[in-house]
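Just protein-v2.pdb here, PDB, C-alpha atoms:
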```pdb
MODEL        1
ATOM      1  CA  MET A1364     -94.533 -20.399  73.338  1.00  0.00           C
ATOM      2  CA  LYS A1365     -95.349 -16.940  74.651  1.00  0.00           C
ATOM      3  CA  LEU A1366     -91.693 -16.345  75.539  1.00  0.00           C
ATOM      4  CA  VAL A1367     -90.577 -17.125  71.989  1.00  0.00           C
ATOM      5  CA  PHE A1368     -93.375 -15.630  69.884  1.00  0.00           C
ATOM      6  CA  GLY A1369     -95.045 -13.221  72.296  1.00  0.00           C
ATOM      7  CA  GLU A1370     -98.757 -12.925  73.017  1.00  0.00           C
ATOM      8  CA  SER A1371    -101.217 -14.611  70.684  1.00  0.00           C
ATOM      9  CA  GLU A1372    -102.586 -12.316  68.005  1.00  0.00           C
ATOM     10  CA  SER A1373    -106.037 -12.321  66.525  1.00  0.00           C
ATOM     11  CA  SER A1374    -106.321 -14.325  63.332  1.00  0.00           C
ATOM     12  CA  VAL A1375    -106.953 -11.156  61.318  1.00  0.00           C
ATOM     13  CA  THR A1376    -103.816  -9.475  62.687  1.00  0.00           C
ATOM     14  CA  ALA A1377    -101.666 -12.586  62.194  1.00  0.00           C
ATOM     15  CA  HIS A1378    -102.974 -13.009  58.641  1.00  0.00           C
ATOM     16  CA  GLY A1379    -102.278  -9.380  57.766  1.00  0.00           C
ATOM     17  CA  LYS A1380     -98.797  -9.349  59.282  1.00  0.00           C
ATOM     18  CA  PHE A1381     -97.710 -12.530  57.518  1.00  0.00           C
ATOM     19  CA  PHE A1382     -99.046 -11.699  54.066  1.00  0.00           C
ATOM     20  CA  ASN A1383     -97.816  -8.099  54.257  1.00  0.00           C
ATOM     21  CA  THR A1384     -94.296  -8.976  55.392  1.00  0.00           C
ATOM     22  CA  LEU A1385     -91.977  -7.778  52.630  1.00  0.00           C
ATOM     23  CA  GLN A1386     -88.223  -7.653  52.396  1.00  0.00           C
ATOM     24  CA  ALA A1387     -86.975  -4.207  53.374  1.00  0.00           C
ATOM     25  CA  GLN A1388     -84.729  -2.299  51.019  1.00  0.00           C
ATOM     26  CA  GLY A1389     -81.120  -3.293  51.698  1.00  0.00           C
ATOM     27  CA  GLU A1390     -82.148  -6.237  53.900  1.00  0.00           C
ATOM     28  CA  LYS A1391     -80.478  -9.553  53.124  1.00  0.00           C
ATOM     29  CA  ALA A1392     -82.879 -12.225  51.914  1.00  0.00           C
ATOM     30  CA  SER A1393     -81.777 -14.564  54.727  1.00  0.00           C
ATOM     31  CA  LEU A1394     -82.825 -12.001  57.356  1.00  0.00           C
ATOM     32  CA  TYR A1395     -86.136 -11.557  55.566  1.00  0.00           C
ATOM     33  CA  VAL A1396     -86.722 -15.331  55.674  1.00  0.00           C
ATOM     34  CA  ILE A1397     -86.126 -15.307  59.440  1.00  0.00           C
ATOM     35  CA  ARG A1398     -88.483 -12.350  59.931  1.00  0.00           C
ATOM     36  CA  LEU A1399     -91.060 -14.052  57.733  1.00  0.00           C
ATOM     37  CA  GLU A1400     -90.774 -17.259  59.766  1.00  0.00           C
ATOM     38  CA  VAL A1401     -91.751 -15.468  62.976  1.00  0.00           C
ATOM     39  CA  GLN A1402     -94.891 -14.145  61.272  1.00  0.00           C
ATOM     40  CA  LEU A1403     -95.638 -17.589  59.802  1.00  0.00           C
ATOM     41  CA  GLN A1404     -95.404 -19.240  63.220  1.00  0.00           C
ATOM     42  CA  ASN A1405     -97.723 -16.578  64.658  1.00  0.00           C
ATOM     43  CA  ALA A1406    -100.201 -17.252  61.829  1.00  0.00           C
ATOM     44  CA  ILE A1407    -100.037 -20.997  62.483  1.00  0.00           C
ATOM     45  CA  GLN A1408    -100.562 -20.404  66.200  1.00  0.00           C
ATOM     46  CA  ALA A1409    -103.552 -18.158  65.421  1.00  0.00           C
ATOM     47  CA  GLY A1410    -105.013 -20.946  63.274  1.00  0.00           C
ATOM     48  CA  ILE A1411    -105.094 -19.167  59.914  1.00  0.00           C
ATOM     49  CA  ILE A1412    -102.449 -21.385  58.287  1.00  0.00           C
ATOM     50  CA  ALA A1413    -102.345 -25.138  58.767  1.00  0.00           C
ATOM     51  CA  GLU A1414     -99.020 -26.581  59.923  1.00  0.00           C
ATOM     52  CA  LYS A1415     -99.065 -28.989  56.945  1.00  0.00           C
ATOM     53  CA  ASP A1416     -99.179 -25.986  54.547  1.00  0.00           C
ATOM     54  CA  ALA A1417     -96.266 -24.133  56.162  1.00  0.00           C
ATOM     55  CA  ASN A1418     -93.585 -25.058  53.607  1.00  0.00           C
ATOM     56  CA  ARG A1419     -95.707 -24.102  50.596  1.00  0.00           C
ATOM     57  CA  THR A1420     -96.986 -20.902  52.200  1.00  0.00           C
ATOM     58  CA  ARG A1421     -93.484 -19.854  53.314  1.00  0.00           C
ATOM     59  CA  LEU A1422     -92.112 -20.442  49.821  1.00  0.00           C
ATOM     60  CA  GLN A1423     -94.949 -18.554  48.129  1.00  0.00           C
ATOM     61  CA  GLN A1424     -94.573 -15.538  50.414  1.00  0.00           C
ATOM     62  CA  LEU A1425     -90.796 -15.518  49.942  1.00  0.00           C
ATOM     63  CA  LEU A1426     -91.310 -15.412  46.177  1.00  0.00           C
ATOM     64  CA  LEU A1427     -93.888 -12.618  46.504  1.00  0.00           C
ATOM     65  CA  GLY A1428     -92.163 -10.434  49.066  1.00  0.00           C
ATOM     66  CA  GLY A1429     -88.467 -11.168  48.638  1.00  0.00           C
ATOM     67  CA  GLU A1430     -85.765  -9.714  46.436  1.00  0.00           C
ATOM     68  CA  LEU A1431     -84.077 -12.886  45.185  1.00  0.00           C
ATOM     69  CA  SER A1432     -81.524 -13.602  42.520  1.00  0.00           C
ATOM     70  CA  ARG A1433     -82.941 -14.824  39.226  1.00  0.00           C
ATOM     71  CA  ASP A1434     -81.428 -18.290  39.699  1.00  0.00           C
ATOM     72  CA  LEU A1435     -82.807 -18.778  43.204  1.00  0.00           C
ATOM     73  CA  ARG A1436     -86.223 -17.463  42.165  1.00  0.00           C
ATOM     74  CA  LEU A1437     -86.362 -19.996  39.307  1.00  0.00           C
ATOM     75  CA  ARG A1438     -85.271 -22.865  41.588  1.00  0.00           C
ATOM     76  CA  LEU A1439     -87.940 -22.037  44.153  1.00  0.00           C
ATOM     77  CA  LYS A1440     -90.644 -21.736  41.495  1.00  0.00           C
ATOM     78  CA  ASP A1441     -89.569 -25.128  40.154  1.00  0.00           C
ATOM     79  CA  PHE A1442     -89.971 -26.617  43.648  1.00  0.00           C
ATOM     80  CA  LEU A1443     -93.511 -25.269  43.852  1.00  0.00           C
ATOM     81  CA  ARG A1444     -94.375 -26.584  40.402  1.00  0.00           C
ATOM     82  CA  MET A1445     -92.826 -30.041  40.860  1.00  0.00           C
ATOM     83  CA  TYR A1446     -94.090 -30.698  44.376  1.00  0.00           C
ATOM     84  CA  ALA A1447     -97.445 -28.891  44.348  1.00  0.00           C
ATOM     85  CA  ASN A1448     -99.163 -32.022  45.634  1.00  0.00           C
ATOM     86  CA  GLU A1449     -96.305 -33.268  47.828  1.00  0.00           C
ATOM     87  CA  GLN A1450     -95.953 -30.665  50.573  1.00  0.00           C
ATOM     88  CA  GLU A1451     -93.440 -32.733  52.536  1.00  0.00           C
ATOM     89  CA  ARG A1452     -90.950 -32.543  49.646  1.00  0.00           C
ATOM     90  CA  LEU A1453     -90.886 -28.752  49.611  1.00  0.00           C
ATOM     91  CA  PRO A1454     -87.960 -27.163  51.495  1.00  0.00           C
ATOM     92  CA  ASN A1455     -88.672 -26.509  55.160  1.00  0.00           C
ATOM     93  CA  PHE A1456     -87.423 -23.423  56.986  1.00  0.00           C
ATOM     94  CA  LEU A1457     -83.898 -24.763  57.612  1.00  0.00           C
ATOM     95  CA  GLU A1458     -83.469 -26.007  54.042  1.00  0.00           C
ATOM     96  CA  LEU A1459     -84.780 -22.731  52.659  1.00  0.00           C
ATOM     97  CA  ILE A1460     -82.520 -20.583  54.821  1.00  0.00           C
ATOM     98  CA  ARG A1461     -79.542 -22.733  53.763  1.00  0.00           C
ATOM     99  CA  MET A1462     -80.407 -22.237  50.086  1.00  0.00           C
ATOM    100  CA  VAL A1463     -80.780 -18.487  50.506  1.00  0.00           C
ATOM    101  CA  ARG A1464     -77.502 -18.152  52.442  1.00  0.00           C
ATOM    102  CA  GLU A1465     -75.610 -20.228  49.869  1.00  0.00           C
ATOM    103  CA  GLU A1466     -76.914 -17.903  47.165  1.00  0.00           C
ATOM    104  CA  GLU A1467     -75.904 -14.836  49.207  1.00  0.00           C
ATOM    105  CA  ASP A1468     -72.419 -16.281  49.785  1.00  0.00           C
ATOM    106  CA  TRP A1469     -72.034 -16.990  46.082  1.00  0.00           C
ATOM    107  CA  ASP A1470     -73.206 -13.473  45.182  1.00  0.00           C
ATOM    108  CA  ASP A1471     -70.822 -11.935  47.741  1.00  0.00           C
ATOM    109  CA  ALA A1472     -67.891 -13.965  46.390  1.00  0.00           C
ATOM    110  CA  PHE A1473     -68.755 -13.021  42.807  1.00  0.00           C
ATOM    111  CA  ILE A1474     -68.988  -9.309  43.636  1.00  0.00           C
ATOM    112  CA  LYS A1475     -65.657  -9.409  45.522  1.00  0.00           C
ATOM    113  CA  ARG A1476     -63.945 -10.964  42.490  1.00  0.00           C
ATOM    114  CA  LYS A1477     -65.190  -8.157  40.230  1.00  0.00           C
ATOM    115  CA  ARG A1478     -64.072  -5.278  42.495  1.00  0.00           C
ATOM    116  CA  PRO A1479     -60.417  -4.265  42.863  1.00  0.00           C
ATOM    117  CA  LYS A1480     -58.982  -5.212  46.216  1.00  0.00           C
ATOM    118  CA  ARG A1481     -59.383  -2.486  48.841  1.00  0.00           C
ATOM    119  CA  SER A1482     -55.717  -2.728  49.780  1.00  0.00           C
ATOM    120  CA  GLU A1483     -54.780  -1.855  46.204  1.00  0.00           C
ATOM    121  CA  SER A1484     -55.964   1.728  46.031  1.00  0.00           C
ATOM    122  CA  MET A1485     -55.849   3.912  42.931  1.00  0.00           C
ATOM    123  CA  VAL A1486     -52.842   5.816  44.329  1.00  0.00           C
ATOM    124  CA  GLU A1487     -50.861   2.620  44.872  1.00  0.00           C
ATOM    125  CA  ARG A1488     -51.586   1.517  41.314  1.00  0.00           C
ATOM    126  CA  ALA A1489     -50.602   4.965  39.973  1.00  0.00           C
ATOM    127  CA  VAL A1490     -47.169   4.936  41.621  1.00  0.00           C
ATOM    128  CA  SER A1491     -46.512   1.411  40.464  1.00  0.00           C
ATOM    129  CA  PRO A1492     -43.545   1.258  38.040  1.00  0.00           C
ATOM    130  CA  VAL A1493     -45.646  -0.925  35.778  1.00  0.00           C
ATOM    131  CA  ALA A1494     -48.311   1.762  35.440  1.00  0.00           C
ATOM    132  CA  PHE A1495     -45.997   4.172  33.587  1.00  0.00           C
ATOM    133  CA  GLN A1496     -44.248   2.009  31.054  1.00  0.00           C
ATOM    134  CA  GLY A1497     -43.640   3.668  27.714  1.00  0.00           C
ATOM    135  CA  SER A1498     -41.872   6.882  26.748  1.00  0.00           C
ATOM    136  CA  PRO A1499     -40.080   8.814  29.500  1.00  0.00           C
ATOM    137  CA  PRO A1500     -41.840  11.878  30.931  1.00  0.00           C
ATOM    138  CA  ILE A1501     -41.129  15.320  29.507  1.00  0.00           C
ATOM    139  CA  VAL A1502     -39.531  17.642  32.047  1.00  0.00           C
ATOM    140  CA  ILE A1503     -39.968  21.369  31.742  1.00  0.00           C
ATOM    141  CA  GLY A1504     -37.744  23.472  33.929  1.00  0.00           C
ATOM    142  CA  SER A1505     -38.391  26.997  35.171  1.00  0.00           C
ATOM    143  CA  ALA A1506     -35.765  28.309  32.750  1.00  0.00           C
ATOM    144  CA  ASP A1507     -37.882  27.067  29.857  1.00  0.00           C
ATOM    145  CA  CYS A1508     -40.958  28.912  31.094  1.00  0.00           C
ATOM    146  CA  ASN A1509     -39.347  32.275  31.929  1.00  0.00           C
ATOM    147  CA  ALA A1510     -37.054  32.704  28.908  1.00  0.00           C
ATOM    148  CA  PRO A1511     -37.400  36.184  27.301  1.00  0.00           C
ATOM    149  CA  ALA A1512     -38.840  36.207  23.863  1.00  0.00           C
ATOM    150  CA  THR A1513     -36.173  37.103  21.310  1.00  0.00           C
ATOM    151  CA  THR A1514     -36.539  37.677  17.645  1.00  0.00           C
ATOM    152  CA  PRO A1515     -33.880  36.511  15.285  1.00  0.00           C
ATOM    153  CA  GLY A1516     -32.071  39.416  13.895  1.00  0.00           C
TER
ENDMDL
END
```
Encoded form (structure tokens):
Amino acid sequence: MKLVFGESESSVTAHGKFFNTLQAQGEKASLYVIRLEVQLQNAIQAGIIAEKDANRTRLQQLLLGGELSRDLRLRLKDFLRMYANEQERLPNFLELIRMVREEEDWDDAFIKRKRPKRSESMVERAVSPVAFQGSPPIVIGSADCNAPATTPG
């Protein structure tokens, strides 16, 4: 255990680290869940959280400290509401990480569909023959610009 989770912490330290673990700005929610799990296991090892309460506690802290999509947040809150008295039916770590990653994959796919493809740059679209359909361009030669002004006479 020491090789995986390091030295045992005091219960006060383990409690503080777990309940103060928040998702960092720009950090993917799935990485936050993994970081949170390490702190949860340390808290269980220190005896401040019972193993049987791990799923509920993990879910509650994810909802408090994580930046989640609205849909995922609602789903997780529904789990807590529906299975408040049935801890074993709450998602465990692997189920939770799968849910979070599926949501991230869906978000990534949705964002990619909304953005123009990188290979199709603005310059490529501008030189496209389709981009300039309509009236032909007006060409002004140097003779037009340097003609002496004459008055009719």
List as a compact mmCIF listing (two decimals) with C-alpha atoms, keeping the file's coordinate frame the protein and nucleic acid residues near A:Arg1452, meaning an atom at most 12 Å away when only C-alpha atoms are counted, but skip any in the same chain fewer than 6 places from it.
```txt
# COMPACT_ATOMS: atom_id res chain seq x y z
CA LYS A 1415 -99.06 -28.99 56.94
CA ASP A 1416 -99.18 -25.99 54.55
CA ALA A 1417 -96.27 -24.13 56.16
CA ASN A 1418 -93.58 -25.06 53.61
CA ARG A 1419 -95.71 -24.10 50.60
CA PHE A 1442 -89.97 -26.62 43.65
CA LEU A 1443 -93.51 -25.27 43.85
CA ARG A 1444 -94.38 -26.58 40.40
CA MET A 1445 -92.83 -30.04 40.86
CA TYR A 1446 -94.09 -30.70 44.38
CA GLU A 1458 -83.47 -26.01 54.04
CA LEU A 1459 -84.78 -22.73 52.66
```
Atomic separation - atom CA of A:Asn1383 relative to atom CA of A:Leu1437, Å: 22.3 Å
Close residues, stretch 1399-1406 of chain A itself excluded, 8 Å, only C-alpha atoms, min 5 positions apart in chain, as a list in words: Phe1368, Ser1371, Glu1372, Ser1374, Ala1377, His1378, Lys1380, Phe1381, Thr1384, Ile1411, Ile1412, Ala1417, Arg1421, Leu1425 and Phe1456 of chain A
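Distance check against A:Glu1451 using all atoms listed in the file: of A:Gly1429, A:Glu1414, A:Ile1407, A:Phe1473, the minimum falls on A:Glu1414.
Taking all atoms listed in the file into account, A:Ala1392 lies nearest to A:Glu1430 out of the set A:Asp1441, A:Ile1474, A:Glu1430, A:Gln1423.
Taking atom CA of A:Ala1409 and atom CA of A:Leu1394 as the two end points, the separation is 23.1 Å.
The space between atom CA of A:Thr1376 and atom CA of A:Gln1388 spans 23.5 Å.
The residue that comes closest to A:Arg1464, out of A:Val1375, A:Ile1397, A:Leu1385, A:Leu1426 and on the basis of all atoms listed in the file, is A:Ile1397.
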So that I can check the surroundings of A:Ser1393, please list as a count of residues only every protein, DNA and RNA residue that reaches within 9 Å of it, counting all atoms listed in the file and ignoring chain neighbours fewer than 5 positions away. 7
